[in-house]
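Peer 1: Contents of protein_26.cif (mmCIF, C-alpha atoms) are below:
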```cif
data_query
loop_
_atom_site.group_PDB
_atom_site.id
_atom_site.type_symbol
_atom_site.label_atom_id
_atom_site.label_comp_id
_atom_site.auth_asym_id
_atom_site.auth_seq_id
_atom_site.Cartn_x
_atom_site.Cartn_y
_atom_site.Cartn_z
ATOM 1 C CA MET A 1 -5.258 21.423 18.205
ATOM 2 C CA ALA A 2 -2.770 19.218 16.409
ATOM 3 C CA THR A 3 0.334 20.893 15.007
ATOM 4 C CA ALA A 4 1.278 20.772 11.327
ATOM 5 C CA ALA A 5 4.016 18.280 12.192
ATOM 6 C CA GLN A 6 1.486 16.038 13.934
ATOM 7 C CA TRP A 7 -0.867 16.165 10.936
ATOM 8 C CA ILE A 8 2.036 15.136 8.693
ATOM 9 C CA GLN A 9 2.944 12.334 11.082
ATOM 10 C CA GLY A 10 -0.709 11.292 11.211
ATOM 11 C CA ALA A 11 -0.674 10.972 7.412
ATOM 12 C CA ARG A 12 1.937 8.243 7.949
ATOM 13 C CA PRO A 13 4.497 9.293 5.325
ATOM 14 C CA ARG A 14 6.354 5.985 5.699
ATOM 15 C CA THR A 15 3.429 4.248 3.994
ATOM 16 C CA LEU A 16 3.488 6.533 0.943
ATOM 17 C CA PRO A 17 6.059 4.477 -1.008
ATOM 18 C CA ALA A 18 3.314 1.832 -1.210
ATOM 19 C CA ALA A 19 1.283 4.353 -3.232
ATOM 20 C CA ILE A 20 4.117 5.441 -5.534
ATOM 21 C CA ALA A 21 5.451 1.933 -6.252
ATOM 22 C CA PRO A 22 2.512 0.632 -8.348
ATOM 23 C CA VAL A 23 2.360 3.846 -10.387
ATOM 24 C CA LEU A 24 6.064 3.601 -11.185
ATOM 25 C CA ILE A 25 5.732 -0.037 -12.244
ATOM 26 C CA GLY A 26 2.574 0.643 -14.243
ATOM 27 C CA THR A 27 4.278 3.517 -16.031
ATOM 28 C CA ALA A 28 7.322 1.363 -16.851
ATOM 29 C CA ALA A 29 4.975 -1.286 -18.253
ATOM 30 C CA ALA A 30 3.382 1.412 -20.428
ATOM 31 C CA PHE A 31 6.857 2.428 -21.624
ATOM 32 C CA ASP A 32 7.501 -1.225 -22.464
ATOM 33 C CA LEU A 33 4.395 -1.005 -24.677
ATOM 34 C CA ASP A 34 5.734 2.204 -26.315
ATOM 35 C CA ALA A 35 2.926 4.207 -24.715
ATOM 36 C CA PHE A 36 4.567 6.319 -21.974
ATOM 37 C CA LYS A 37 2.488 9.436 -21.167
ATOM 38 C CA PRO A 38 4.069 11.643 -18.459
ATOM 39 C CA LEU A 39 0.943 13.687 -17.634
ATOM 40 C CA ASN A 40 -1.159 10.570 -17.144
ATOM 41 C CA ALA A 41 1.552 9.115 -14.925
ATOM 42 C CA ILE A 42 1.668 12.238 -12.748
ATOM 43 C CA LEU A 43 -2.113 12.266 -12.367
ATOM 44 C CA ALA A 44 -2.118 8.574 -11.436
ATOM 45 C CA ALA A 45 0.582 9.259 -8.827
ATOM 46 C CA LEU A 46 -1.448 12.083 -7.288
ATOM 47 C CA VAL A 47 -4.542 9.894 -7.120
ATOM 48 C CA ALA A 48 -2.611 7.062 -5.463
ATOM 49 C CA LEU A 49 -0.881 9.321 -2.931
ATOM 50 C CA LEU A 50 -4.091 11.110 -1.936
ATOM 51 C CA LEU A 51 -5.967 7.823 -1.572
ATOM 52 C CA GLN A 52 -3.180 6.520 0.688
ATOM 53 C CA VAL A 53 -3.306 9.638 2.856
ATOM 54 C CA GLY A 54 -7.103 9.397 2.949
ATOM 55 C CA VAL A 55 -6.937 5.761 4.044
ATOM 56 C CA ASN A 56 -4.468 6.641 6.797
ATOM 57 C CA TYR A 57 -6.614 9.450 8.185
ATOM 58 C CA ALA A 58 -9.780 7.353 7.869
ATOM 59 C CA ASN A 59 -8.074 4.508 9.724
ATOM 60 C CA ASP A 60 -6.903 6.956 12.397
ATOM 61 C CA TYR A 61 -10.451 8.287 12.829
ATOM 62 C CA SER A 62 -12.288 4.949 12.835
ATOM 63 C CA ASP A 63 -9.845 3.119 15.096
ATOM 64 C CA GLY A 64 -9.648 6.162 17.348
ATOM 65 C CA ILE A 65 -13.379 6.408 18.044
ATOM 66 C CA ARG A 66 -13.538 2.649 18.634
ATOM 67 C CA GLY A 67 -10.725 2.811 21.169
ATOM 68 C CA THR A 68 -8.469 0.490 19.180
ATOM 69 C CA ASP A 69 -5.525 2.942 19.383
ATOM 70 C CA GLU A 70 -5.730 3.764 23.092
ATOM 71 C CA ASP A 71 -2.793 1.529 24.060
ATOM 72 C CA ARG A 72 -0.845 1.408 20.847
ATOM 73 C CA VAL A 73 2.861 1.061 20.096
ATOM 74 C CA GLY A 74 4.031 2.886 16.979
ATOM 75 C CA PRO A 75 3.602 6.159 15.089
ATOM 76 C CA LEU A 76 1.305 8.894 16.406
ATOM 77 C CA ARG A 77 -2.441 8.486 16.010
ATOM 78 C CA LEU A 78 -4.227 11.829 15.999
ATOM 79 C CA VAL A 79 -7.519 10.655 17.513
ATOM 80 C CA GLY A 80 -6.163 7.945 19.785
ATOM 81 C CA SER A 81 -3.600 10.319 21.312
ATOM 82 C CA GLY A 82 -6.099 13.158 21.676
ATOM 83 C CA ALA A 83 -3.990 15.450 19.471
ATOM 84 C CA ALA A 84 -6.948 16.188 17.162
ATOM 85 C CA LYS A 85 -10.720 15.967 17.392
ATOM 86 C CA PRO A 86 -12.229 12.960 15.574
ATOM 87 C CA GLU A 87 -14.379 15.159 13.344
ATOM 88 C CA MET A 88 -11.327 17.080 12.104
ATOM 89 C CA VAL A 89 -9.510 13.860 11.206
ATOM 90 C CA LYS A 90 -12.619 12.587 9.435
ATOM 91 C CA ARG A 91 -12.788 15.804 7.407
ATOM 92 C CA ALA A 92 -9.105 15.459 6.497
ATOM 93 C CA ALA A 93 -9.763 11.939 5.243
ATOM 94 C CA PHE A 94 -12.638 13.015 3.022
ATOM 95 C CA ALA A 95 -10.682 16.043 1.797
ATOM 96 C CA ALA A 96 -7.948 13.677 0.623
ATOM 97 C CA PHE A 97 -10.510 11.380 -0.995
ATOM 98 C CA GLY A 98 -12.154 14.361 -2.715
ATOM 99 C CA ALA A 99 -8.849 15.621 -4.101
ATOM 100 C CA ALA A 100 -8.022 12.087 -5.323
ATOM 101 C CA MET A 101 -11.363 11.901 -7.138
ATOM 102 C CA LEU A 102 -10.772 15.307 -8.710
ATOM 103 C CA PHE A 103 -7.408 14.301 -10.184
ATOM 104 C CA GLY A 104 -8.913 10.969 -11.160
ATOM 105 C CA LEU A 105 -11.682 12.739 -13.052
ATOM 106 C CA VAL A 106 -9.096 14.740 -14.996
ATOM 107 C CA LEU A 107 -7.398 11.463 -15.908
ATOM 108 C CA VAL A 108 -10.732 10.033 -17.055
ATOM 109 C CA LEU A 109 -11.392 13.085 -19.222
ATOM 110 C CA ILE A 110 -7.987 12.711 -20.854
ATOM 111 C CA THR A 111 -8.318 8.987 -21.522
ATOM 112 C CA GLN A 112 -12.079 8.989 -22.191
ATOM 113 C CA ALA A 113 -12.238 5.731 -20.227
ATOM 114 C CA TRP A 114 -15.465 6.607 -18.413
ATOM 115 C CA TRP A 115 -15.762 3.238 -16.702
ATOM 116 C CA LEU A 116 -12.770 4.243 -14.585
ATOM 117 C CA ILE A 117 -15.124 6.511 -12.624
ATOM 118 C CA LEU A 118 -16.685 3.380 -11.158
ATOM 119 C CA VAL A 119 -13.230 2.078 -10.293
ATOM 120 C CA GLY A 120 -12.444 5.350 -8.536
ATOM 121 C CA LEU A 121 -15.662 5.245 -6.545
ATOM 122 C CA GLY A 122 -14.893 1.647 -5.620
ATOM 123 C CA CYS A 123 -11.457 2.709 -4.357
ATOM 124 C CA VAL A 124 -12.923 5.422 -2.111
ATOM 125 C CA LEU A 125 -15.664 3.162 -0.747
ATOM 126 C CA ALA A 126 -13.158 0.402 -0.082
ATOM 127 C CA ALA A 127 -10.784 2.878 1.580
ATOM 128 C CA TRP A 128 -13.482 4.112 3.967
ATOM 129 C CA GLY A 129 -14.936 0.655 4.584
ATOM 130 C CA TYR A 130 -11.565 -0.701 5.707
ATOM 131 C CA THR A 131 -12.093 0.476 9.292
ATOM 132 C CA GLY A 132 -15.148 2.733 8.891
ATOM 133 C CA GLY A 133 -18.866 2.039 9.021
ATOM 134 C CA LYS A 134 -20.809 -0.501 11.058
ATOM 135 C CA ASN A 135 -19.084 -3.597 9.649
ATOM 136 C CA PRO A 136 -15.505 -2.635 8.691
ATOM 137 C CA TYR A 137 -13.905 -5.429 6.704
ATOM 138 C CA GLY A 138 -10.498 -4.593 8.176
ATOM 139 C CA TYR A 139 -11.860 -5.937 11.461
ATOM 140 C CA MET A 140 -12.761 -9.217 9.753
ATOM 141 C CA GLY A 141 -9.328 -10.013 8.354
ATOM 142 C CA LEU A 142 -10.064 -8.772 4.821
ATOM 143 C CA GLY A 143 -7.874 -5.667 4.908
ATOM 144 C CA ASP A 144 -5.025 -7.531 3.233
ATOM 145 C CA VAL A 145 -7.314 -8.389 0.306
ATOM 146 C CA PHE A 146 -8.132 -4.688 -0.092
ATOM 147 C CA VAL A 147 -4.460 -3.726 -0.069
ATOM 148 C CA PHE A 148 -3.512 -6.381 -2.618
ATOM 149 C CA VAL A 149 -6.388 -5.561 -4.967
ATOM 150 C CA PHE A 150 -6.330 -1.769 -4.811
ATOM 151 C CA PHE A 151 -2.703 -0.910 -3.992
ATOM 152 C CA GLY A 152 -1.411 -3.749 -6.164
ATOM 153 C CA LEU A 153 -3.634 -4.776 -9.049
ATOM 154 C CA VAL A 154 -5.841 -1.704 -9.528
ATOM 155 C CA ALA A 155 -3.141 0.928 -9.039
ATOM 156 C CA THR A 156 -0.564 -0.786 -11.263
ATOM 157 C CA LEU A 157 -2.814 -2.052 -14.042
ATOM 158 C CA GLY A 158 -4.876 1.144 -13.961
ATOM 159 C CA THR A 159 -1.729 3.218 -14.474
ATOM 160 C CA THR A 160 -0.683 1.078 -17.428
ATOM 161 C CA TYR A 161 -4.151 1.146 -18.972
ATOM 162 C CA THR A 162 -4.542 4.923 -18.724
ATOM 163 C CA GLN A 163 -1.357 5.314 -20.764
ATOM 164 C CA ALA A 164 -1.360 2.325 -23.120
ATOM 165 C CA GLY A 165 -5.050 1.428 -23.377
ATOM 166 C CA GLN A 166 -4.104 -2.173 -22.567
ATOM 167 C CA ILE A 167 -2.237 -4.240 -19.998
ATOM 168 C CA SER A 168 0.646 -6.700 -20.362
ATOM 169 C CA LEU A 169 2.307 -9.623 -18.591
ATOM 170 C CA PRO A 170 5.010 -7.382 -17.032
ATOM 171 C CA ALA A 171 2.252 -5.118 -15.698
ATOM 172 C CA VAL A 172 0.475 -8.104 -14.146
ATOM 173 C CA ILE A 173 3.672 -9.536 -12.599
ATOM 174 C CA GLY A 174 4.600 -6.100 -11.253
ATOM 175 C CA ALA A 175 1.093 -5.592 -9.880
ATOM 176 C CA ILE A 176 1.219 -8.907 -8.031
ATOM 177 C CA GLY A 177 4.726 -8.192 -6.717
ATOM 178 C CA THR A 178 4.086 -4.698 -5.380
ATOM 179 C CA GLY A 179 0.703 -5.819 -4.048
ATOM 180 C CA LEU A 180 2.357 -8.591 -2.031
ATOM 181 C CA ILE A 181 4.966 -6.213 -0.610
ATOM 182 C CA ALA A 182 2.204 -3.762 0.352
ATOM 183 C CA CYS A 183 0.474 -6.672 2.112
ATOM 184 C CA ALA A 184 3.746 -7.472 3.868
ATOM 185 C CA LEU A 185 3.858 -3.869 5.081
ATOM 186 C CA LEU A 186 0.341 -4.202 6.471
ATOM 187 C CA MET A 187 1.217 -7.548 8.040
ATOM 188 C CA ALA A 188 4.225 -6.025 9.824
ATOM 189 C CA ASN A 189 1.948 -3.318 11.197
ATOM 190 C CA ASN A 190 -0.739 -5.790 12.285
ATOM 191 C CA VAL A 191 1.642 -8.292 13.891
ATOM 192 C CA ARG A 192 2.881 -5.488 16.118
ATOM 193 C CA ASP A 193 -0.723 -4.648 17.049
ATOM 194 C CA ILE A 194 -1.980 -8.212 17.682
ATOM 195 C CA PRO A 195 -2.405 -7.773 21.480
ATOM 196 C CA THR A 196 -4.363 -4.496 21.265
ATOM 197 C CA ASP A 197 -6.341 -5.603 18.212
ATOM 198 C CA MET A 198 -7.463 -8.754 20.011
ATOM 199 C CA GLN A 199 -8.646 -6.700 22.969
ATOM 200 C CA ALA A 200 -10.566 -4.356 20.660
ATOM 201 C CA GLY A 201 -12.157 -7.224 18.732
ATOM 202 C CA LYS A 202 -10.257 -6.324 15.550
ATOM 203 C CA LYS A 203 -9.698 -9.682 13.840
ATOM 204 C CA THR A 204 -7.037 -8.782 11.304
ATOM 205 C CA LEU A 205 -5.445 -11.494 9.204
ATOM 206 C CA ALA A 206 -2.488 -11.373 11.609
ATOM 207 C CA VAL A 207 -4.831 -12.074 14.527
ATOM 208 C CA ARG A 208 -6.519 -14.913 12.637
ATOM 209 C CA LEU A 209 -3.227 -16.508 11.581
ATOM 210 C CA GLY A 210 -1.685 -16.160 15.008
ATOM 211 C CA ASP A 211 1.649 -14.554 15.855
ATOM 212 C CA LYS A 212 3.939 -17.291 14.469
ATOM 213 C CA HIS A 213 2.205 -17.864 11.126
ATOM 214 C CA ALA A 214 1.591 -14.147 10.603
ATOM 215 C CA ARG A 215 5.322 -13.489 10.932
ATOM 216 C CA GLU A 216 6.110 -16.316 8.522
ATOM 217 C CA SER A 217 3.595 -14.974 5.990
ATOM 218 C CA TYR A 218 5.527 -11.677 5.882
ATOM 219 C CA VAL A 219 8.686 -13.472 4.759
ATOM 220 C CA LEU A 220 6.737 -15.566 2.241
ATOM 221 C CA MET A 221 5.129 -12.498 0.652
ATOM 222 C CA LEU A 222 8.477 -10.760 0.200
ATOM 223 C CA ALA A 223 10.052 -13.921 -1.246
ATOM 224 C CA VAL A 224 7.277 -14.542 -3.778
ATOM 225 C CA ALA A 225 7.215 -10.884 -4.868
ATOM 226 C CA ILE A 226 10.956 -10.781 -5.534
ATOM 227 C CA LEU A 227 11.343 -14.228 -7.108
ATOM 228 C CA LEU A 228 8.310 -13.795 -9.371
ATOM 229 C CA VAL A 229 10.369 -11.640 -11.770
ATOM 230 C CA VAL A 230 12.136 -14.814 -12.901
ATOM 231 C CA VAL A 231 9.023 -15.433 -15.029
ATOM 232 C CA LEU A 232 9.946 -12.405 -17.143
ATOM 233 C CA ALA A 233 13.674 -13.121 -17.357
ATOM 234 C CA PRO A 234 13.689 -15.227 -20.589
ATOM 235 C CA GLY A 235 12.530 -12.309 -22.716
ATOM 236 C CA ARG A 236 13.685 -9.485 -20.456
ATOM 237 C CA PRO A 237 16.990 -10.553 -18.815
ATOM 238 C CA TRP A 238 17.493 -7.223 -17.045
ATOM 239 C CA MET A 239 14.514 -8.047 -14.822
ATOM 240 C CA LEU A 240 16.861 -10.188 -12.731
ATOM 241 C CA ILE A 241 18.261 -6.998 -11.134
ATOM 242 C CA VAL A 242 15.206 -7.157 -8.856
ATOM 243 C CA LEU A 243 16.956 -10.068 -7.121
ATOM 244 C CA LEU A 244 19.356 -7.471 -5.664
ATOM 245 C CA LEU A 245 16.609 -6.822 -3.114
ATOM 246 C CA ILE A 246 17.187 -10.195 -1.469
ATOM 247 C CA PRO A 247 19.984 -8.912 0.861
ATOM 248 C CA ALA A 248 17.880 -5.865 1.784
ATOM 249 C CA SER A 249 15.007 -8.165 2.757
ATOM 250 C CA LEU A 250 17.045 -10.271 5.178
ATOM 251 C CA MET A 251 17.100 -7.840 8.116
ATOM 252 C CA PRO A 252 13.358 -7.015 8.216
ATOM 253 C CA SER A 253 12.605 -10.714 7.717
ATOM 254 C CA TRP A 254 14.886 -11.605 10.637
ATOM 255 C CA LEU A 255 13.214 -8.947 12.817
ATOM 256 C CA MET A 256 9.764 -10.230 11.928
ATOM 257 C CA ILE A 257 10.650 -13.801 12.861
ATOM 258 C CA ASN A 258 12.729 -13.050 15.969
ATOM 259 C CA GLY A 259 11.607 -9.640 17.272
ATOM 260 C CA ARG A 260 9.493 -10.478 20.319
ATOM 261 C CA LYS A 261 9.060 -6.944 21.672
ATOM 262 C CA ARG A 262 6.402 -4.940 19.869
ATOM 263 C CA LYS A 263 8.698 -1.919 19.552
ATOM 264 C CA SER A 264 11.313 -4.038 17.770
ATOM 265 C CA LEU A 265 8.914 -4.358 14.815
ATOM 266 C CA ILE A 266 8.555 -0.594 14.269
ATOM 267 C CA PRO A 267 11.678 -0.340 12.020
ATOM 268 C CA VAL A 268 10.248 -3.104 9.827
ATOM 269 C CA LEU A 269 7.581 -0.697 8.562
ATOM 270 C CA LYS A 270 10.152 1.749 7.227
ATOM 271 C CA GLN A 271 12.337 -1.026 5.833
ATOM 272 C CA THR A 272 9.403 -2.687 4.065
ATOM 273 C CA GLY A 273 8.302 0.634 2.597
ATOM 274 C CA LEU A 274 11.814 1.136 1.227
ATOM 275 C CA ILE A 275 11.823 -2.414 -0.146
ATOM 276 C CA ASN A 276 8.584 -1.672 -1.996
ATOM 277 C CA LEU A 277 10.065 1.515 -3.419
ATOM 278 C CA GLY A 278 13.283 -0.308 -4.314
ATOM 279 C CA TYR A 279 11.257 -3.081 -5.932
ATOM 280 C CA SER A 280 9.381 -0.595 -8.096
ATOM 281 C CA VAL A 281 12.588 1.210 -9.120
ATOM 282 C CA LEU A 282 14.495 -1.972 -9.993
ATOM 283 C CA PHE A 283 11.468 -3.553 -11.701
ATOM 284 C CA SER A 284 10.966 -0.426 -13.790
ATOM 285 C CA LEU A 285 14.664 -0.151 -14.573
ATOM 286 C CA GLY A 286 14.692 -3.799 -15.653
ATOM 287 C CA LEU A 287 11.831 -3.138 -18.082
ATOM 288 C CA VAL A 288 13.464 -0.022 -19.494
ATOM 289 C CA LEU A 289 16.869 -1.684 -19.961
ATOM 290 C CA SER A 290 15.274 -4.755 -21.537
ATOM 291 C CA HIS A 291 13.144 -2.700 -23.914
ATOM 292 C CA GLY A 292 13.998 -3.405 -27.512
ATOM 293 C CA LEU A 293 16.291 -6.356 -26.758
#
```
Kindly return the structure encoded in the file as structure tokens.
Peer 2:
Amino acid sequence: MATAAQWIQGARPRTLPAAIAPVLIGTAAAFDLDAFKPLNAILAALVALLLQVGVNYANDYSDGIRGTDEDRVGPLRLVGSGAAKPEMVKRAAFAAFGAAMLFGLVLVLITQAWWLILVGLGCVLAAWGYTGGKNPYGYMGLGDVFVFVFFGLVATLGTTYTQAGQISLPAVIGAIGTGLIACALLMANNVRDIPTDMQAGKKTLAVRLGDKHARESYVLMLAVAILLVVVLAPGRPWMLIVLLLIPASLMPSWLMINGRKRKSLIPVLKQTGLINLGYSVLFSLGLVLSHGL
């Protein structure tokens, strides 16, 4: 039986900033539209966090039963390590998905945007299909597309829409930015796992690109995400404070390019998660400070 600490570790708390970041940006974009609604923002945050936890447990379960995590470097995997039975991890994943759908339904009832139910169902199906089922798209190199779409575009623009009833250019730029950083986080994880993923037949984008180009893509995604705010600077000059993240991005970028040992890439996950959180905070602060100028 896994301990409570192991279940928490299995939920991969270092990835949770990727769930909070788009909600924070989407809420700031709603504030920029004079439509900030705290309750809606809290519900959106709960949905995003629970979906992230569900994805992590589902990934743990699916990779574990396939043997992908048997010789893995990095955080604990409940199934792969034998700490928990596969069925228990699967139940934890669906419990998280169920709770996410419950909070999402409350948000739908408040906004009366019934079509969002389909979006929610799409999120859950995409989350499970990442590594689950007979033909998981995460094994075909499409996991990065899922992360960008759902943890970037859908989470950010959905948060803005459920508060403002519309979206805006800042919401779109923020969605693209946080989506790219979330993809960079996934890329850092997958570059570290290239040897074991290749053996298991898991053709992630990192595997398809190859070690060198996969590492370079990480740096490119961070650079584009941060520099993209320049588009908003003419009308919202405070958005340039996002450029303060450039120094913080240098060390993980250096590690990605030069870290040859798989263990040397482990800190990059935490650093990238913090960059995503920092990006969302600075992006949101830039919108708030520029509001009304």
Peer 1: Could the residues of region 114-198 of chain A that have an atom at most 9 Å from region 259-268 of chain A be listed as CSV, each with its closest atom pair and the distance in Å to one decimal, counting all atoms listed in the file and ordered by chain and ascending residue number?
Peer 2:
```
residue,atom,partner,partner_atom,distance
A:Leu185,CA,A:Val268,CA,8.0
A:Ala188,CA,A:Val268,CA,6.7
A:Asn189,CA,A:Ile266,CA,7.8
A:Val191,CA,A:Leu265,CA,8.3
A:Arg192,CA,A:Arg262,CA,5.2
A:Asp193,CA,A:Arg262,CA,7.7
```
Peer 1: Return as lines of an AutoDock Vina configuration file the centre and edge lengths, in Å with one decimal, of the box along x, y and z that encloses every atom of region 41-49 of chain A in the file, padded by 3 Å per side.
Peer 2:
```
center_x = -1.4
center_y = 9.7
center_z = -8.9
size_x = 12.2
size_y = 11.2
size_z = 18.0
```
Peer 1: Can you list, as a VMD selection string, every protein, DNA or RNA residue that comes within 9 Å of Thr156 (chain A) when you count all atoms listed in the file, leaving out same-chain residues fewer than 4 positions away?
Peer 2: chain A and resid 21 to 27 29 150 to 152 160 to 161 171 to 172 174 to 176 178 to 179
Peer 1: Need to verify the contact set: region 281-291 of chain A, 9 Å, only C-alpha atoms, exclusion of same-chain residues closer than 5 positions in sequence. Can you return it as a list of chain:residue names?
Peer 2: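 Once the adjacent positions are removed, what remains is A:Ala21, A:Leu24, A:Ile25, A:Gly26, A:Thr27, A:Ala28, A:Ala29, A:Phe31, A:Asp32, A:Leu33, A:Pro170, A:Gly174, A:Val229, A:Gly235, A:Arg236, A:Pro237, A:Trp238, A:Met239, A:Leu240, A:Ile241, A:Val242, A:Leu243, A:Leu244, A:Leu245, A:Asn276.
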Peer 1: Put those residues in a file: C-alpha atoms, as a compact mmCIF listing (two decimals), in the coordinates of the input.
Peer 2:
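The result, stored in again_31.txt:
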```txt
# COMPACT_ATOMS: atom_id res chain seq x y z
CA ALA A 21 5.45 1.93 -6.25
CA LEU A 24 6.06 3.60 -11.18
CA ILE A 25 5.73 -0.04 -12.24
CA GLY A 26 2.57 0.64 -14.24
CA THR A 27 4.28 3.52 -16.03
CA ALA A 28 7.32 1.36 -16.85
CA ALA A 29 4.97 -1.29 -18.25
CA PHE A 31 6.86 2.43 -21.62
CA ASP A 32 7.50 -1.23 -22.46
CA LEU A 33 4.39 -1.00 -24.68
CA PRO A 170 5.01 -7.38 -17.03
CA GLY A 174 4.60 -6.10 -11.25
CA VAL A 229 10.37 -11.64 -11.77
CA GLY A 235 12.53 -12.31 -22.72
CA ARG A 236 13.68 -9.48 -20.46
CA PRO A 237 16.99 -10.55 -18.82
CA TRP A 238 17.49 -7.22 -17.05
CA MET A 239 14.51 -8.05 -14.82
CA LEU A 240 16.86 -10.19 -12.73
CA ILE A 241 18.26 -7.00 -11.13
CA VAL A 242 15.21 -7.16 -8.86
CA LEU A 243 16.96 -10.07 -7.12
CA LEU A 244 19.36 -7.47 -5.66
CA LEU A 245 16.61 -6.82 -3.11
CA ASN A 276 8.58 -1.67 -2.00
```
Peer 1: Quick check on the file I pasted: which residues fall under the PyMOL selection byres ((chain A and resi 201-208) around 8)? Write them as an MDAnalysis selection string.
Peer 2: chainID A and resid 68 138:144 187 190:191 194 197:200 209:211 214
Peer 1: Taking the file above as input, evaluate the PyMOL selection byres ((chain A and resi 78) around 8) and report the hits as a list in words.
Peer 2: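 Selected by the PyMOL selection byres ((chain A and resi 78) around 8) here: Ala2, Gln6, Trp7, Gly10, Asp60, Tyr61, Gly64, Leu76, Arg77, Val79, Gly80, Ser81, Gly82, Ala83, Ala84, Lys85 and Val89 of chain A.
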